[in-house]
Amino acid sequence: MLLEQLGGGARANVYELACRTGLPLAVAKTAVWELAHRGAIDITPASVPISTVMEALRKSQPLTSSPVLLAGPDHAAKAAVIRSMTGSPPRELPPVAYGAVRLDEVELVLVAAPEAPADEEWPDLLRGVTSAVVAADLGRLEESVRIVDVLRRYSTPHVVAVDPDRFGGAPVDLVRSELGLDERTDLVLARADDHESVRYLLLDALRAAQRSETEAA
């Protein structure tokens, strides 16, 4: 049955199986390895399109969950955000990582985007997300600004976070100007490794989504 759902081919990967069967990713992983062990298939070693990865991730989560995309040039900061909220390292699903957490009665799925997604990958990353958090790096300003521009172009509700330890005491208005933020975008000082700081940041991201829904109504 699984081989039929994989299209009868000799090569497969976890993501394709999860997408075609609706199996949770953990179950799909076990099934693929069992088939490979029996010699029924070969596991595809090539990289998987991000569209396939994101579809598999969406299907593995409850329909009531709210995905929040964590974007930014510093992967460690995004991983720390997930760890601060879940209490454990993010689950790796290359090229993304994720973690699920309950925040004030809302089931969130925090998805850490790749450091530098290609232009054609952004629609798949943003499809279905409730809002986004940009973990801006003032030392990599151009990359951070590009991400903010992409989110604005796709009309994705978002907030921008800056680590206060890397803020350098610069005036907030100057930092907002350097990042190209408009008056509707919140700039939040947040430490990625501090639970309460990240909690406030995510609540602000949810409020940004609510404002966007209200304005669109």
# chains A, B, ... in the order shown; residues from 1 in each chain; ligands from 1
call {"tool": "residues_around", "arguments": {"residues": "Val162 of chain A", "least_positions_apart": "4", "cutoff": "10 Å", "atoms": "only C-alpha atoms", "output": "number ranges by chain"}}
result
A: 134-138, 166-167, 175, 187-192
call {"tool": "residues_around", "arguments": {"residues": "Ser212 of chain A", "least_positions_apart": "3", "cutoff": "10 Å", "atoms": "only C-alpha atoms", "output": "VMD selection string"}}
result
chain A and resid 131 155 to 158 184 206 to 209 215 to 217
call {"tool": "residues_around", "arguments": {"residues": "Leu110 of chain A", "least_positions_apart": "6", "cutoff": "10 Å", "atoms": "only C-alpha atoms", "output": "ChimeraX atom specification"}}
result
/A:66-70,78-79,81-82,85-86,90,97-101,129,132-133,202
call {"tool": "select_by_dssp", "arguments": {"residues": "segment 48-141 of chain A", "states": "helix (DSSP H, G or I)", "output": "compact mmCIF listing (two decimals) with all heavy atoms, in the first residue's frame"}}
result
# COMPACT_ATOMS: atom_id res chain seq x y z
N ILE A 50 11.55 23.03 -0.82
CA ILE A 50 10.98 23.56 0.41
C ILE A 50 9.46 23.50 0.38
O ILE A 50 8.82 23.40 1.43
CB ILE A 50 11.48 25.00 0.64
CG1 ILE A 50 11.35 25.37 2.13
CG2 ILE A 50 10.74 26.00 -0.23
CD1 ILE A 50 12.14 26.57 2.53
N SER A 51 8.87 23.51 -0.80
CA SER A 51 7.41 23.38 -0.89
C SER A 51 6.96 22.04 -0.33
O SER A 51 5.94 21.95 0.37
CB SER A 51 6.95 23.52 -2.35
OG SER A 51 7.58 22.55 -3.17
N THR A 52 7.71 20.98 -0.61
CA THR A 52 7.38 19.64 -0.11
C THR A 52 7.56 19.58 1.40
O THR A 52 6.74 19.00 2.12
CB THR A 52 8.27 18.58 -0.78
OG1 THR A 52 8.12 18.69 -2.20
CG2 THR A 52 7.89 17.18 -0.34
N VAL A 53 8.65 20.17 1.90
CA VAL A 53 8.91 20.18 3.34
C VAL A 53 7.80 20.90 4.08
O VAL A 53 7.26 20.41 5.08
CB VAL A 53 10.27 20.86 3.64
CG1 VAL A 53 10.48 20.99 5.14
CG2 VAL A 53 11.40 20.07 3.01
N MET A 54 7.41 22.08 3.60
CA MET A 54 6.39 22.87 4.29
C MET A 54 5.02 22.19 4.23
O MET A 54 4.25 22.25 5.19
CB MET A 54 6.32 24.27 3.69
CG MET A 54 7.58 25.10 3.92
SD MET A 54 8.00 25.29 5.68
CE MET A 54 6.62 26.29 6.24
N GLU A 55 4.72 21.54 3.12
CA GLU A 55 3.44 20.84 3.03
C GLU A 55 3.40 19.68 4.03
O GLU A 55 2.39 19.46 4.71
CB GLU A 55 3.21 20.31 1.62
CG GLU A 55 1.86 19.62 1.45
CD GLU A 55 1.64 19.07 0.06
OE1 GLU A 55 2.51 19.28 -0.82
OE2 GLU A 55 0.61 18.39 -0.15
N ALA A 56 4.50 18.95 4.13
CA ALA A 56 4.57 17.85 5.09
C ALA A 56 4.43 18.37 6.52
O ALA A 56 3.75 17.76 7.35
CB ALA A 56 5.88 17.10 4.93
N LEU A 57 5.07 19.50 6.81
CA LEU A 57 4.99 20.07 8.15
C LEU A 57 3.56 20.51 8.47
O LEU A 57 3.04 20.24 9.55
CB LEU A 57 5.95 21.26 8.27
CG LEU A 57 5.95 22.01 9.60
CD1 LEU A 57 6.22 21.06 10.76
CD2 LEU A 57 6.98 23.13 9.57
N ARG A 58 2.91 21.17 7.51
CA ARG A 58 1.53 21.62 7.74
C ARG A 58 0.60 20.44 8.01
O ARG A 58 -0.26 20.50 8.89
CB ARG A 58 1.04 22.43 6.54
CG ARG A 58 1.56 23.86 6.50
CD ARG A 58 0.86 24.67 5.43
NE ARG A 58 1.22 24.25 4.09
CZ ARG A 58 2.22 24.78 3.39
NH1 ARG A 58 2.96 25.74 3.90
NH2 ARG A 58 2.48 24.37 2.17
N LYS A 59 0.78 19.37 7.25
CA LYS A 59 -0.10 18.21 7.41
C LYS A 59 0.15 17.47 8.72
O LYS A 59 -0.71 16.72 9.19
CB LYS A 59 0.06 17.26 6.23
CG LYS A 59 -0.55 17.79 4.94
CD LYS A 59 -0.50 16.75 3.84
CE LYS A 59 -1.23 17.24 2.59
NZ LYS A 59 -1.23 16.23 1.51
N SER A 60 1.32 17.67 9.30
CA SER A 60 1.65 16.95 10.53
C SER A 60 1.15 17.67 11.78
O SER A 60 1.21 17.12 12.88
CB SER A 60 3.17 16.76 10.64
OG SER A 60 3.82 17.98 10.93
N HIS A 75 20.65 31.79 12.40
CA HIS A 75 19.92 30.57 12.72
C HIS A 75 19.92 30.29 14.21
O HIS A 75 18.92 29.82 14.77
CB HIS A 75 20.53 29.38 11.98
CG HIS A 75 19.84 28.08 12.28
ND1 HIS A 75 18.60 27.76 11.78
CD2 HIS A 75 20.22 27.03 13.05
CE1 HIS A 75 18.23 26.57 12.22
NE2 HIS A 75 19.20 26.10 12.99
N ALA A 76 21.02 30.60 14.89
CA ALA A 76 21.12 30.33 16.32
C ALA A 76 20.06 31.10 17.10
O ALA A 76 19.49 30.58 18.07
CB ALA A 76 22.52 30.68 16.82
N ALA A 77 19.79 32.33 16.70
CA ALA A 77 18.79 33.14 17.39
C ALA A 77 17.40 32.54 17.22
O ALA A 77 16.61 32.48 18.18
CB ALA A 77 18.82 34.57 16.86
N LYS A 78 17.09 32.08 16.02
CA LYS A 78 15.77 31.48 15.78
C LYS A 78 15.62 30.17 16.55
O LYS A 78 14.56 29.89 17.11
CB LYS A 78 15.57 31.26 14.28
CG LYS A 78 15.47 32.56 13.49
CD LYS A 78 15.37 32.33 11.99
CE LYS A 78 16.67 31.82 11.42
NZ LYS A 78 16.68 31.81 9.94
N ALA A 79 16.68 29.39 16.59
CA ALA A 79 16.65 28.14 17.36
C ALA A 79 16.47 28.43 18.84
O ALA A 79 15.76 27.71 19.55
CB ALA A 79 17.93 27.34 17.11
N ALA A 80 17.10 29.50 19.32
CA ALA A 80 16.99 29.87 20.73
C ALA A 80 15.57 30.29 21.08
O ALA A 80 15.09 30.02 22.19
CB ALA A 80 17.97 30.99 21.06
N VAL A 81 14.89 30.96 20.16
CA VAL A 81 13.49 31.35 20.39
C VAL A 81 12.63 30.10 20.61
O VAL A 81 11.82 30.04 21.54
CB VAL A 81 12.95 32.16 19.19
CG1 VAL A 81 11.43 32.28 19.26
CG2 VAL A 81 13.58 33.55 19.16
N ILE A 82 12.82 29.10 19.76
CA ILE A 82 12.05 27.86 19.90
C ILE A 82 12.39 27.16 21.20
O ILE A 82 11.51 26.71 21.94
CB ILE A 82 12.31 26.93 18.69
CG1 ILE A 82 11.79 27.59 17.41
CG2 ILE A 82 11.67 25.57 18.90
CD1 ILE A 82 12.11 26.82 16.15
N ARG A 83 13.67 27.10 21.52
CA ARG A 83 14.10 26.43 22.75
C ARG A 83 13.56 27.15 23.99
O ARG A 83 13.17 26.51 24.97
CB ARG A 83 15.63 26.38 22.80
CG ARG A 83 16.18 25.49 23.92
CD ARG A 83 17.69 25.50 23.95
NE ARG A 83 18.26 25.06 22.69
CZ ARG A 83 18.87 25.86 21.82
NH1 ARG A 83 18.99 27.15 22.07
NH2 ARG A 83 19.37 25.39 20.70
N SER A 84 13.52 28.48 23.95
CA SER A 84 13.03 29.25 25.09
C SER A 84 11.57 28.96 25.38
O SER A 84 11.14 28.96 26.54
CB SER A 84 13.21 30.75 24.84
OG SER A 84 14.57 31.10 24.80
N MET A 85 10.79 28.70 24.33
CA MET A 85 9.35 28.48 24.51
C MET A 85 9.01 27.02 24.75
O MET A 85 8.07 26.72 25.49
CB MET A 85 8.59 29.00 23.29
CG MET A 85 8.61 30.51 23.14
SD MET A 85 7.99 31.39 24.60
CE MET A 85 6.30 30.79 24.68
N THR A 86 9.72 26.11 24.13
CA THR A 86 9.37 24.69 24.24
C THR A 86 10.16 23.96 25.31
O THR A 86 9.76 22.88 25.75
CB THR A 86 9.59 23.97 22.90
OG1 THR A 86 11.00 23.99 22.58
CG2 THR A 86 8.83 24.66 21.77
N ASP A 119 14.17 33.76 -3.61
CA ASP A 119 12.93 34.50 -3.85
C ASP A 119 11.76 33.57 -4.11
O ASP A 119 10.64 33.81 -3.63
CB ASP A 119 13.11 35.44 -5.05
CG ASP A 119 14.03 36.61 -4.73
OD1 ASP A 119 14.24 36.89 -3.53
OD2 ASP A 119 14.53 37.25 -5.68
N GLU A 120 12.00 32.49 -4.86
CA GLU A 120 10.90 31.59 -5.21
C GLU A 120 10.46 30.71 -4.04
O GLU A 120 9.42 30.05 -4.12
CB GLU A 120 11.29 30.71 -6.40
CG GLU A 120 12.46 29.78 -6.16
CD GLU A 120 13.81 30.42 -6.48
OE1 GLU A 120 13.87 31.67 -6.61
OE2 GLU A 120 14.79 29.67 -6.62
N GLU A 121 11.23 30.70 -2.94
CA GLU A 121 10.87 29.87 -1.79
C GLU A 121 9.94 30.59 -0.81
O GLU A 121 9.25 29.95 -0.02
CB GLU A 121 12.13 29.42 -1.05
CG GLU A 121 12.98 28.44 -1.84
CD GLU A 121 14.24 28.04 -1.11
OE1 GLU A 121 14.77 28.86 -0.32
OE2 GLU A 121 14.71 26.91 -1.32
N TRP A 122 9.92 31.92 -0.87
CA TRP A 122 9.12 32.67 0.10
C TRP A 122 7.63 32.35 0.06
O TRP A 122 7.00 32.22 1.12
CB TRP A 122 9.36 34.17 -0.07
CG TRP A 122 10.61 34.64 0.59
CD1 TRP A 122 11.78 35.01 -0.01
CD2 TRP A 122 10.84 34.78 2.00
NE1 TRP A 122 12.71 35.37 0.93
CE2 TRP A 122 12.16 35.24 2.17
CE3 TRP A 122 10.05 34.56 3.13
CZ2 TRP A 122 12.71 35.49 3.43
CZ3 TRP A 122 10.60 34.81 4.38
CH2 TRP A 122 11.91 35.26 4.52
N PRO A 123 7.01 32.22 -1.11
CA PRO A 123 5.57 31.90 -1.10
C PRO A 123 5.25 30.61 -0.35
O PRO A 123 4.25 30.54 0.37
CB PRO A 123 5.23 31.78 -2.60
CG PRO A 123 6.23 32.65 -3.28
CD PRO A 123 7.49 32.48 -2.48
N ASP A 124 6.11 29.59 -0.48
CA ASP A 124 5.88 28.34 0.23
C ASP A 124 6.10 28.51 1.73
O ASP A 124 5.38 27.92 2.55
CB ASP A 124 6.80 27.24 -0.31
CG ASP A 124 6.44 26.85 -1.73
OD1 ASP A 124 5.27 26.55 -1.98
OD2 ASP A 124 7.34 26.85 -2.59
N LEU A 125 7.09 29.31 2.11
CA LEU A 125 7.36 29.54 3.52
C LEU A 125 6.22 30.31 4.19
O LEU A 125 5.88 30.06 5.36
CB LEU A 125 8.66 30.33 3.70
CG LEU A 125 9.97 29.56 3.50
CD1 LEU A 125 11.14 30.53 3.44
CD2 LEU A 125 10.17 28.56 4.63
N LEU A 126 5.62 31.23 3.46
CA LEU A 126 4.62 32.12 4.05
C LEU A 126 3.19 31.61 3.92
O LEU A 126 2.29 32.14 4.57
CB LEU A 126 4.72 33.51 3.40
CG LEU A 126 6.03 34.25 3.66
CD1 LEU A 126 6.08 35.54 2.84
CD2 LEU A 126 6.19 34.56 5.15
N LEU A 138 21.65 43.54 13.52
CA LEU A 138 22.14 44.85 13.09
C LEU A 138 23.52 44.76 12.45
O LEU A 138 23.95 45.67 11.75
CB LEU A 138 22.16 45.82 14.28
CG LEU A 138 20.79 46.08 14.92
CD1 LEU A 138 20.92 47.10 16.05
CD2 LEU A 138 19.78 46.55 13.89
N GLY A 139 24.21 43.63 12.69
CA GLY A 139 25.50 43.42 12.05
C GLY A 139 25.36 42.88 10.64
O GLY A 139 26.32 42.83 9.88
N ARG A 140 24.15 42.44 10.30
CA ARG A 140 23.85 41.94 8.95
C ARG A 140 22.59 42.66 8.48
O ARG A 140 21.58 42.06 8.16
CB ARG A 140 23.66 40.42 8.99
CG ARG A 140 24.89 39.68 9.50
CD ARG A 140 24.64 38.22 9.82
NE ARG A 140 24.39 37.43 8.62
CZ ARG A 140 24.21 36.11 8.64
NH1 ARG A 140 24.25 35.45 9.79
NH2 ARG A 140 23.99 35.44 7.52
N LEU A 141 22.72 43.97 8.45
CA LEU A 141 21.57 44.84 8.23
C LEU A 141 20.91 44.61 6.88
O LEU A 141 19.68 44.55 6.78
CB LEU A 141 22.02 46.30 8.36
CG LEU A 141 20.91 47.35 8.39
CD1 LEU A 141 20.00 47.13 9.59
CD2 LEU A 141 21.52 48.75 8.44
call {"tool": "atom_distance", "arguments": {"atom1": "atom CA of Leu151 of chain A", "atom2": "atom CA of Gly169 of chain A"}}
result
26.7 Å
call {"tool": "closest_residue", "arguments": {"among": "A:Pro164, A:Pro171, A:Leu181, A:Asp149", "to": "Asp194 of chain A", "atoms": "only C-alpha atoms"}}
result
A:Pro164
call {"tool": "select_by_dssp", "arguments": {"residues": "segment 60-203 of chain A", "states": "strand (DSSP E)", "output": "ChimeraX atom specification"}}
result
/A:66-71,91-93,96-103,106-112,131-135,158-162,187-189
call {"tool": "closest_residue", "arguments": {"among": "A:Thr130, A:Gln61, A:Glu183, A:Val145", "to": "Glu213 of chain A", "atoms": "only C-alpha atoms"}}
result
A:Thr130
call {"tool": "atom_distance", "arguments": {"atom1": "atom CA of Val106 of chain A", "atom2": "atom CA of Gln210 of chain A"}}
result
12.9 Å
call {"tool": "decode", "arguments": {"residues": "segment 140-168 of chain A", "atoms": "N, CA and C atoms", "output": "JSON list (two decimals), in the first residue's frame"}}
result
[["chain", "number", "residue", "atom", "x", "y", "z"],
["A", 140, "ARG", "N", 24.15, 42.44, 10.30],
["A", 140, "ARG", "CA", 23.85, 41.94, 8.95],
["A", 140, "ARG", "C", 22.59, 42.66, 8.48],
["A", 141, "LEU", "N", 22.72, 43.97, 8.45],
["A", 141, "LEU", "CA", 21.57, 44.84, 8.23],
["A", 141, "LEU", "C", 20.91, 44.61, 6.88],
["A", 142, "GLU", "N", 21.70, 44.46, 5.84],
["A", 142, "GLU", "CA", 21.13, 44.32, 4.50],
["A", 142, "GLU", "C", 20.24, 43.08, 4.40],
["A", 143, "GLU", "N", 20.68, 41.97, 5.01],
["A", 143, "GLU", "CA", 19.88, 40.75, 4.98],
["A", 143, "GLU", "C", 18.59, 40.91, 5.78],
["A", 144, "SER", "N", 18.68, 41.59, 6.91],
["A", 144, "SER", "CA", 17.50, 41.82, 7.74],
["A", 144, "SER", "C", 16.49, 42.70, 7.03],
["A", 145, "VAL", "N", 16.97, 43.75, 6.37],
["A", 145, "VAL", "CA", 16.09, 44.66, 5.64],
["A", 145, "VAL", "C", 15.40, 43.92, 4.50],
["A", 146, "ARG", "N", 16.13, 43.05, 3.83],
["A", 146, "ARG", "CA", 15.54, 42.29, 2.72],
["A", 146, "ARG", "C", 14.36, 41.45, 3.20],
["A", 147, "ILE", "N", 14.51, 40.83, 4.37],
["A", 147, "ILE", "CA", 13.43, 39.99, 4.90],
["A", 147, "ILE", "C", 12.21, 40.84, 5.23],
["A", 148, "VAL", "N", 12.43, 42.00, 5.84],
["A", 148, "VAL", "CA", 11.32, 42.90, 6.15],
["A", 148, "VAL", "C", 10.60, 43.31, 4.86],
["A", 149, "ASP", "N", 11.37, 43.60, 3.83],
["A", 149, "ASP", "CA", 10.78, 43.99, 2.54],
["A", 149, "ASP", "C", 9.93, 42.85, 1.95],
["A", 150, "VAL", "N", 10.42, 41.62, 2.07],
["A", 150, "VAL", "CA", 9.68, 40.47, 1.54],
["A", 150, "VAL", "C", 8.35, 40.31, 2.28],
["A", 151, "LEU", "N", 8.37, 40.41, 3.60],
["A", 151, "LEU", "CA", 7.14, 40.25, 4.38],
["A", 151, "LEU", "C", 6.14, 41.36, 4.05],
["A", 152, "ARG", "N", 6.65, 42.55, 3.84],
["A", 152, "ARG", "CA", 5.76, 43.66, 3.46],
["A", 152, "ARG", "C", 5.17, 43.41, 2.08],
["A", 153, "ARG", "N", 5.99, 42.89, 1.17],
["A", 153, "ARG", "CA", 5.52, 42.64, -0.20],
["A", 153, "ARG", "C", 4.42, 41.59, -0.22],
["A", 154, "TYR", "N", 4.53, 40.59, 0.66],
["A", 154, "TYR", "CA", 3.52, 39.54, 0.71],
["A", 154, "TYR", "C", 2.41, 39.83, 1.72],
["A", 155, "SER", "N", 2.41, 41.05, 2.26],
["A", 155, "SER", "CA", 1.37, 41.48, 3.21],
["A", 155, "SER", "C", 1.25, 40.52, 4.39],
["A", 156, "THR", "N", 2.39, 40.06, 4.89],
["A", 156, "THR", "CA", 2.41, 39.15, 6.03],
["A", 156, "THR", "C", 2.56, 39.95, 7.32],
["A", 157, "PRO", "N", 1.61, 39.83, 8.26],
["A", 157, "PRO", "CA", 1.76, 40.53, 9.54],
["A", 157, "PRO", "C", 3.07, 40.12, 10.21],
["A", 158, "HIS", "N", 3.79, 41.09, 10.76],
["A", 158, "HIS", "CA", 5.08, 40.75, 11.35],
["A", 158, "HIS", "C", 5.51, 41.78, 12.37],
["A", 159, "VAL", "N", 6.43, 41.35, 13.22],
["A", 159, "VAL", "CA", 7.12, 42.25, 14.15],
["A", 159, "VAL", "C", 8.61, 42.00, 13.97],
["A", 160, "VAL", "N", 9.40, 42.96, 14.40],
["A", 160, "VAL", "CA", 10.85, 42.85, 14.27],
["A", 160, "VAL", "C", 11.47, 42.86, 15.66],
["A", 161, "ALA", "N", 12.34, 41.90, 15.91],
["A", 161, "ALA", "CA", 12.99, 41.79, 17.22],
["A", 161, "ALA", "C", 14.48, 42.08, 17.09],
["A", 162, "VAL", "N", 15.00, 42.80, 18.07],
["A", 162, "VAL", "CA", 16.43, 43.09, 18.15],
["A", 162, "VAL", "C", 16.90, 42.74, 19.55],
["A", 163, "ASP", "N", 18.01, 42.04, 19.64],
["A", 163, "ASP", "CA", 18.59, 41.68, 20.93],
["A", 163, "ASP", "C", 19.12, 42.95, 21.60],
["A", 164, "PRO", "N", 18.63, 43.28, 22.81],
["A", 164, "PRO", "CA", 19.09, 44.51, 23.47],
["A", 164, "PRO", "C", 20.59, 44.51, 23.75],
["A", 165, "ASP", "N", 21.18, 43.32, 23.89],
["A", 165, "ASP", "CA", 22.62, 43.25, 24.14],
["A", 165, "ASP", "C", 23.42, 43.65, 22.91],
["A", 166, "ARG", "N", 22.77, 43.62, 21.74],
["A", 166, "ARG", "CA", 23.45, 44.01, 20.50],
["A", 166, "ARG", "C", 22.93, 45.35, 19.97],
["A", 167, "PHE", "N", 22.12, 45.99, 20.79],
["A", 167, "PHE", "CA", 21.47, 47.23, 20.37],
["A", 167, "PHE", "C", 22.46, 48.38, 20.33],
["A", 168, "GLY", "N", 23.44, 48.33, 21.22],
["A", 168, "GLY", "CA", 24.47, 49.35, 21.22],
["A", 168, "GLY", "C", 24.02, 50.72, 21.70]]
